Amino acid sequence: MKRIGLLSDTHAHWDDRYLKHFELCDEIWHAGDIGSVELAERLAAFRPLRAVYGNIDGQELRLMYPELLRFRCEEAEVLMKHIGG
């Protein structure tokens, strides 16, 4: 079974605890408000990253990641969006 590290609203803040908390994860999923390309790149360098952009994310992140991401993970269908509703 795949282990997923899930987070959102990092607002460009890197915390070294991410390395500890996501050490056993196969992938990291970021549900928006990443805040900076640098943070996204650091996460992606550590583990495969799936992400969507959030309302605070600028044009560069909006070009890198979609607003809505739908995919399958093992037997589950996943829909990721920053703000639902």
# chains A, B, ... in the order shown; residues from 1 in each chain; ligands from 1
>>> residues_around(residues="Leu6 in chain A", least_positions_apart="3", cutoff="7 Å", atoms="only C-alpha atoms", output="list of chain:residue names")
A:Ile28, A:Trp29, A:His30
>>> residues_around(residues="range 60-69 of chain A", least_positions_apart="5", cutoff="6 Å", atoms="only C-alpha atoms", output="list in words")
Val52, Tyr53, Leu79, Met80 and Lys81 of chain A
>>> closest_residue(among="A:Ile83, A:Ala45, A:Lys2, A:Arg72", to="Asp26 in chain A", atoms="only C-alpha atoms")
A:Lys2
>>> atom_distance(atom1="CA of Gly85 in chain A", atom2="CA of Tyr18 in chain A")
28.5 Å
>>> select_by_dssp(residues="range 17-75 of chain A", states="strand (DSSP E)", output="list in words")
Glu27, Ile28, Trp29, His30, Leu49, Arg50, Ala51, Leu68, Leu69, Arg70, Phe71, Arg72 and Cys73 of chain A
>>> write_last_selection(atoms="N, CA and C atoms", output="mmCIF file, in the first residue's frame")
data_model
loop_
_atom_site.group_PDB
_atom_site.id
_atom_site.type_symbol
_atom_site.label_atom_id
_atom_site.label_comp_id
_atom_site.auth_asym_id
_atom_site.auth_seq_id
_atom_site.Cartn_x
_atom_site.Cartn_y
_atom_site.Cartn_z
ATOM 1 N N GLU A 27 4.842 9.268 -1.825
ATOM 2 C CA GLU A 27 4.525 10.486 -2.556
ATOM 3 C C GLU A 27 4.107 11.569 -1.577
ATOM 4 N N ILE A 28 4.213 12.815 -2.022
ATOM 5 C CA ILE A 28 3.685 13.952 -1.274
ATOM 6 C C ILE A 28 2.609 14.583 -2.133
ATOM 7 N N TRP A 29 1.468 14.881 -1.536
ATOM 8 C CA TRP A 29 0.373 15.567 -2.210
ATOM 9 C C TRP A 29 0.191 16.916 -1.532
ATOM 10 N N HIS A 30 0.278 17.975 -2.305
ATOM 11 C CA HIS A 30 0.117 19.333 -1.769
ATOM 12 C C HIS A 30 -1.173 19.919 -2.324
ATOM 13 N N LEU A 49 5.981 14.499 -6.185
ATOM 14 C CA LEU A 49 5.014 15.487 -5.726
ATOM 15 C C LEU A 49 3.852 15.600 -6.706
ATOM 16 N N ARG A 50 2.650 15.534 -6.173
ATOM 17 C CA ARG A 50 1.434 15.871 -6.906
ATOM 18 C C ARG A 50 0.879 17.100 -6.207
ATOM 19 N N ALA A 51 0.452 18.093 -6.994
ATOM 20 C CA ALA A 51 0.002 19.327 -6.365
ATOM 21 C C ALA A 51 -1.018 20.046 -7.231
ATOM 22 N N LEU A 68 -7.276 21.806 -10.508
ATOM 23 C CA LEU A 68 -8.000 20.584 -10.154
ATOM 24 C C LEU A 68 -7.207 19.403 -10.678
ATOM 25 N N LEU A 69 -6.985 18.411 -9.836
ATOM 26 C CA LEU A 69 -6.222 17.233 -10.235
ATOM 27 C C LEU A 69 -7.025 15.983 -9.891
ATOM 28 N N ARG A 70 -7.287 15.185 -10.912
ATOM 29 C CA ARG A 70 -8.039 13.932 -10.720
ATOM 30 C C ARG A 70 -7.177 12.793 -11.233
ATOM 31 N N PHE A 71 -7.009 11.771 -10.390
ATOM 32 C CA PHE A 71 -6.151 10.643 -10.748
ATOM 33 C C PHE A 71 -6.529 9.437 -9.896
ATOM 34 N N ARG A 72 -5.972 8.297 -10.270
ATOM 35 C CA ARG A 72 -6.171 7.075 -9.491
ATOM 36 C C ARG A 72 -4.895 6.766 -8.726
ATOM 37 N N CYS A 73 -5.075 6.338 -7.508
ATOM 38 C CA CYS A 73 -3.967 5.869 -6.677
ATOM 39 C C CYS A 73 -4.377 4.509 -6.158
#
>>> closest_residue(among="A:Ala76, A:Leu7, A:Ala12, A:Met1", to="Ser36 in chain A", atoms="only C-alpha atoms")
A:Ala12
>>> select_by_dssp(residues="chain A", states="helix (DSSP H, G or I)", output="compact mmCIF listing (two decimals) with N, CA, C and O atoms, in the first residue's frame")
# COMPACT_ATOMS: atom_id res chain seq x y z
N ARG A 17 10.96 19.70 9.43
CA ARG A 17 10.19 18.55 9.90
C ARG A 17 9.51 17.82 8.75
O ARG A 17 9.14 16.65 8.89
N TYR A 18 9.34 18.47 7.60
CA TYR A 18 8.77 17.78 6.44
C TYR A 18 9.60 16.55 6.11
O TYR A 18 9.06 15.50 5.77
N LEU A 19 10.91 16.67 6.20
CA LEU A 19 11.79 15.55 5.89
C LEU A 19 11.55 14.38 6.82
O LEU A 19 11.57 13.22 6.40
N LYS A 20 11.31 14.66 8.08
CA LYS A 20 11.03 13.60 9.06
C LYS A 20 9.65 13.01 8.84
O LYS A 20 9.48 11.79 8.77
N HIS A 21 8.64 13.88 8.71
CA HIS A 21 7.27 13.40 8.61
C HIS A 21 7.00 12.64 7.32
O HIS A 21 6.18 11.72 7.30
N VAL A 37 7.83 28.56 -5.91
CA VAL A 37 8.38 27.49 -6.76
C VAL A 37 9.48 26.76 -6.00
O VAL A 37 9.60 25.54 -6.08
N GLU A 38 10.28 27.50 -5.23
CA GLU A 38 11.38 26.89 -4.49
C GLU A 38 10.89 25.83 -3.52
O GLU A 38 11.49 24.75 -3.41
N LEU A 39 9.79 26.10 -2.82
CA LEU A 39 9.25 25.12 -1.89
C LEU A 39 8.76 23.89 -2.64
O LEU A 39 9.06 22.75 -2.25
N ALA A 40 8.06 24.09 -3.74
CA ALA A 40 7.59 22.96 -4.55
C ALA A 40 8.76 22.13 -5.04
O ALA A 40 8.71 20.89 -5.00
N GLU A 41 9.81 22.78 -5.48
CA GLU A 41 10.99 22.06 -5.98
C GLU A 41 11.68 21.27 -4.88
O GLU A 41 12.16 20.16 -5.11
N ARG A 42 11.74 21.83 -3.67
CA ARG A 42 12.36 21.10 -2.54
C ARG A 42 11.56 19.86 -2.19
O ARG A 42 12.12 18.79 -1.95
N LEU A 43 10.23 20.00 -2.17
CA LEU A 43 9.39 18.83 -1.89
C LEU A 43 9.55 17.78 -2.99
O LEU A 43 9.69 16.59 -2.70
N ALA A 44 9.53 18.22 -4.24
CA ALA A 44 9.63 17.30 -5.37
C ALA A 44 10.99 16.61 -5.44
O ALA A 44 11.09 15.49 -5.93
N ALA A 45 12.02 17.26 -4.94
CA ALA A 45 13.35 16.65 -4.91
C ALA A 45 13.42 15.56 -3.84
O ALA A 45 14.23 14.64 -3.94
N PHE A 46 12.58 15.67 -2.83
CA PHE A 46 12.58 14.71 -1.72
C PHE A 46 11.73 13.49 -2.03
O PHE A 46 12.15 12.36 -1.79
N GLN A 59 1.38 33.17 -10.90
CA GLN A 59 1.30 32.63 -12.26
C GLN A 59 2.27 31.49 -12.50
O GLN A 59 1.93 30.52 -13.17
N GLU A 60 3.47 31.58 -11.97
CA GLU A 60 4.46 30.53 -12.21
C GLU A 60 4.00 29.18 -11.67
O GLU A 60 4.09 28.16 -12.34
N LEU A 61 3.46 29.17 -10.45
CA LEU A 61 2.94 27.93 -9.89
C LEU A 61 1.68 27.47 -10.61
O LEU A 61 1.44 26.28 -10.78
N ARG A 62 0.87 28.42 -11.08
CA ARG A 62 -0.34 28.08 -11.82
C ARG A 62 -0.01 27.45 -13.17
O ARG A 62 -0.81 26.68 -13.70
N LEU A 63 1.14 27.76 -13.71
CA LEU A 63 1.58 27.10 -14.94
C LEU A 63 2.16 25.72 -14.66
O LEU A 63 2.11 24.84 -15.52
N MET A 64 2.68 25.53 -13.48
CA MET A 64 3.29 24.23 -13.11
C MET A 64 2.26 23.21 -12.66
O MET A 64 2.44 22.01 -12.89
>>> closest_residue(among="A:Ile4, A:Phe22, A:Asp15, A:Asp9", to="Asp57 in chain A", atoms="only C-alpha atoms")
A:Asp9
>>> atom_distance(atom1="CA of Gly58 in chain A", atom2="CA of Gly84 in chain A")
19.1 Å
